[in-house]
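The structure under discussion appears below in the form of structure tokens.
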Amino acid sequence: MARAAVLGRLTWLVGTVTALRDETPTARTIALDVPGWRGHSAGQHVDVRLTAEDGYSAQRSYSIASAPDGQRLELTIQRLEDGEVSPYLSETLEVGYPLELRGPIGGWFVWDPGNPAPVLLVAGGSGIVPLMSMVRARAQDASTTPFRLIYSVRSPDQIIYGPELAKRAAAGDGFGLTYIYTRTAPPGSDRPAGRISARDLVIEGWGRRQRPAVFVCGPTGYVEAVASTLTSAGHDPGRIKTERFGPTGS
Amino acid sequence: MPIISPGFKGRRRDGGEKLPPGQYLVTDFPVLSAGPTPRVDTRKWEFRIKTEKGQVASWDWAAFQGLPSEDITVDLHCVTKWSKFGTHWRGVSLDTLLGDVETSAEYALARSYGGYTTNLPVADLLNGQAWIAYRYDGAALAPEHGGPARLLVPHLYLWKSAKWVNGIDLMDTDQPGFWEQLGYNNYGDPWREQRYWGD
């Protein structure tokens with residue numbers, strides 16, 4: 001079992017926003033400089049705490065998008081319509097603002113660059129974020145471990161990290177990329193828009209016999225569907241790691 | 001001193017004194033699991049309690065259904081920050097299940113289909129604090145919420161309420177479970193905000 005080092009007490013740290021980048025109309029990346037940050041493994045998350053003038057505070061968890069890089073890290077925030085914290089992070093926050101956080105958290109949903117097993121990544125919507133950290137960690141290490149990313153989005157304008165993913169897929173170093181459009185496919189697409197199915201997941205070279213390490217992240221209903229399709233296709237449930245968000249059936 | 005987040009107002013939801021520190025209230029029921037949802041056939045289901053001396057008590061689904069059960073209404077607190085108030089369950093109290101088990105063990109390790117484990121003191125399983133729940137909101141417990149049956153220990157963070165539970169080992173020494181080995185708090189009291197190691 002891959003175990004990331006999570007030792008001792010996780011204290012609250014104060015990061016400073018160094019850059020902001022719009023990824024889609026509803027998702028924004030926050031680059032932070034965090035003195036005292038102890039580093040992370042690809043796939044981990046942080047707790048973020050906001051505090052109002054009167055002392056009221058709110059906490060949420062967000063996946064880290066960046067590869068390990070000293071005391072710098074990036075989060076990508078998907079704005080939720082009725083959210084309390086995500087609208088602040090995706091709209092109000094400005095460069096130079098302080099942001100309290102602690103982490104890294106989660107020692108299970110992590111990719112260990114030392115593990116030579118091929119890696120199958122399956123993302124639904126903003127579930128791409130922790131998987132992107134793995135893709136970036138692979139590139140940073142100049143790893144040639146075979147990676148395949150299957151990324152479901154509603155429509156082309158919802159793709160987070162599109163240009164960077166295109167560049168990495170074009171590098172010819174063993175990283176493959178497939179988009180699944182669930183509502184609107186781009187013109188000329190050879191797959192009609194629709195929910196992800198066994199046809200999208202059971203693919204040549206990425207079957208149970210190759211024994212890939214599988215990471216699935218997305219809304220609950222999506223992760224349930226993907227994980228059960230993969231186990232039905234013979235993948236070992238013990239090699240499928242999942243991270244879900246949102247309520248049942250969403 | 002907390003750092004003020006410039007321009008943050010927050011939305012003070014109706015949680016009041018029922019909401020532990022750092023939590024927010026939800027009305028839906030989020031699902032968090034580390035892997036695929038196991039599909040467990042109740043015809044093959046079994047629940048075993050193993051004592052520190054190696055004695056085993058076990059129930060199949062029919063025997064388990066024959067035990068006295070209780071309606072339970074409790075608040076849930078997940079370490080990922082959401083809390084849900086007034087959830088309705090039906091299940092068998094651990095007081096009932098442990099009633100005839102001869103043990104002086106102080107520690108328990110709950111085990112689940114799929115390999116999940118979580119540890120807690122035996123004292124936290126007794127005196128009306130813990131159940132093996134098999135109905136939620138008037139219906140059979142859905143697999144993604146831990147069906148056919150899950151441990152329910154609502155006074156601790158929800159990862160202690162092991163989904164797909166199939167056994168409890170009683171032990172003289174504490175043995176950290178799945179998340180407890182991966183950075184999460186060994187005890188997990190939401191009111192003391194014991195989320196991670198060292199909290």
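Following the order of the structure tokens, first chain is A, next is B, and so on, with residues numbered from 1 inside each chain and ligands from 1 in the order they appear.
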- Message: With 8 Å as the limit and counting only C-alpha atoms, what residues in chain A lie close to chain B? Please list them as number ranges by chain.
- Response: A: 3-4, 6-10, 14, 50-53, 55-61, 84-85, 88, 92-93, 97-100, 105-109, 220, 224, 227-228, 231, 237-238, 240-248
- Task: Using only C-alpha atoms, determine which residues lie at most 10 Å from Ala198 in chain A, disregarding the query and same-chain residues fewer than 3 positions distant; provide the list as a PyMOL selection string.
- Result: chain A and resi 201-203+225-226+228-230+232-233
Based on the selection just made, write N, CA and C atoms of those residues as a PDB file, in the first residue's frame.
```pdb
ATOM      1  N   LEU A 201     -14.403   2.866 -21.409  1.00  0.00           N
ATOM      2  CA  LEU A 201     -13.480   2.498 -20.324  1.00  0.00           C
ATOM      3  C   LEU A 201     -12.711   1.206 -20.576  1.00  0.00           C
ATOM      4  N   VAL A 202     -13.319   0.322 -21.345  1.00  0.00           N
ATOM      5  CA  VAL A 202     -12.649  -0.946 -21.621  1.00  0.00           C
ATOM      6  C   VAL A 202     -11.910  -0.775 -22.936  1.00  0.00           C
ATOM      7  N   ILE A 203     -10.635  -0.409 -22.827  1.00  0.00           N
ATOM      8  CA  ILE A 203      -9.893  -0.021 -24.022  1.00  0.00           C
ATOM      9  C   ILE A 203      -8.625  -0.841 -24.175  1.00  0.00           C
ATOM     10  N   ALA A 225     -20.426   4.774 -11.242  1.00  0.00           N
ATOM     11  CA  ALA A 225     -20.606   4.129 -12.550  1.00  0.00           C
ATOM     12  C   ALA A 225     -19.274   3.642 -13.107  1.00  0.00           C
ATOM     13  N   VAL A 226     -18.255   4.488 -13.036  1.00  0.00           N
ATOM     14  CA  VAL A 226     -16.948   4.123 -13.589  1.00  0.00           C
ATOM     15  C   VAL A 226     -16.347   2.949 -12.814  1.00  0.00           C
ATOM     16  N   SER A 228     -17.790   0.669 -10.976  1.00  0.00           N
ATOM     17  CA  SER A 228     -18.471  -0.622 -11.137  1.00  0.00           C
ATOM     18  C   SER A 228     -18.276  -1.175 -12.538  1.00  0.00           C
ATOM     19  N   THR A 229     -18.158  -0.294 -13.541  1.00  0.00           N
ATOM     20  CA  THR A 229     -17.860  -0.771 -14.899  1.00  0.00           C
ATOM     21  C   THR A 229     -16.480  -1.429 -14.942  1.00  0.00           C
ATOM     22  N   LEU A 230     -15.515  -0.798 -14.295  1.00  0.00           N
ATOM     23  CA  LEU A 230     -14.151  -1.346 -14.311  1.00  0.00           C
ATOM     24  C   LEU A 230     -14.063  -2.661 -13.543  1.00  0.00           C
ATOM     25  N   SER A 232     -16.528  -4.762 -13.122  1.00  0.00           N
ATOM     26  CA  SER A 232     -17.229  -5.753 -13.954  1.00  0.00           C
ATOM     27  C   SER A 232     -16.338  -6.236 -15.093  1.00  0.00           C
ATOM     28  N   ALA A 233     -15.458  -5.352 -15.573  1.00  0.00           N
ATOM     29  CA  ALA A 233     -14.563  -5.725 -16.677  1.00  0.00           C
ATOM     30  C   ALA A 233     -13.349  -6.507 -16.172  1.00  0.00           C
TER      31      ALA A 233
END
```
- Could you pull out all residues of chain B with a DSSP call of helix (DSSP H, G or I) and give them as a PyMOL selection string? chain B and resi 16-18+61-65+94-98+122-124+143-145+158-160+178-181+190-192
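When only C-alpha atoms are used to measure the gap to Glu70 in chain B, the shortest distance among B:Trp131, B:Thr118, B:Arg48, B:Asp41 belongs to B:Trp131.
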- Query: Ala27 in chain A: which residues within 9 Å, counting only C-alpha atoms, same-chain residues fewer than 4 positions away excluded, as a list in words?
  - Reply: Arg21, Asp22, Glu23, Thr76, Ile77, Gln78, Arg79, Ser90, Ser126, Gln158 and Ile160 of chain A
Keeping C-alpha atoms, export the residues of the selection given above as an mmCIF file, in the first residue's frame.
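This went into part-v3.cif:
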```cif
data_model
loop_
_atom_site.group_PDB
_atom_site.id
_atom_site.type_symbol
_atom_site.label_atom_id
_atom_site.label_comp_id
_atom_site.auth_asym_id
_atom_site.auth_seq_id
_atom_site.Cartn_x
_atom_site.Cartn_y
_atom_site.Cartn_z
ATOM 1 C CA ARG A 21 -5.674 31.996 -13.715
ATOM 2 C CA ASP A 22 -9.122 31.424 -15.168
ATOM 3 C CA GLU A 23 -9.371 27.861 -16.455
ATOM 4 C CA THR A 76 -8.090 24.859 -8.832
ATOM 5 C CA ILE A 77 -11.500 25.879 -7.544
ATOM 6 C CA GLN A 78 -14.739 25.013 -9.308
ATOM 7 C CA ARG A 79 -17.354 27.611 -8.373
ATOM 8 C CA SER A 90 -13.041 31.900 -7.505
ATOM 9 C CA SER A 126 -13.459 19.175 -11.684
ATOM 10 C CA GLN A 158 -15.677 23.033 -19.490
ATOM 11 C CA ILE A 160 -9.813 22.532 -17.359
#
```
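CA of Gly174 in chain A lies 6.8 Å from CA of Thr145 in chain A.
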- Query: When distances are computed from only C-alpha atoms, which of B:Tyr187, B:Phe47, B:Tyr107, B:Trp61 shows the smallest separation from Asp174 in chain B?
  - Reply: B:Tyr107
- Message: Can you pull out the residues contacting range 204-206 of chain A? Cut-off 9 Å, using only C-alpha atoms, and skip same-chain residues under 3 positions away; I want them as a list in words.
- Response: Pro118, Val119, Leu120, Arg148, Leu201, Arg209, Gln210, Arg211 and Pro212 of chain A
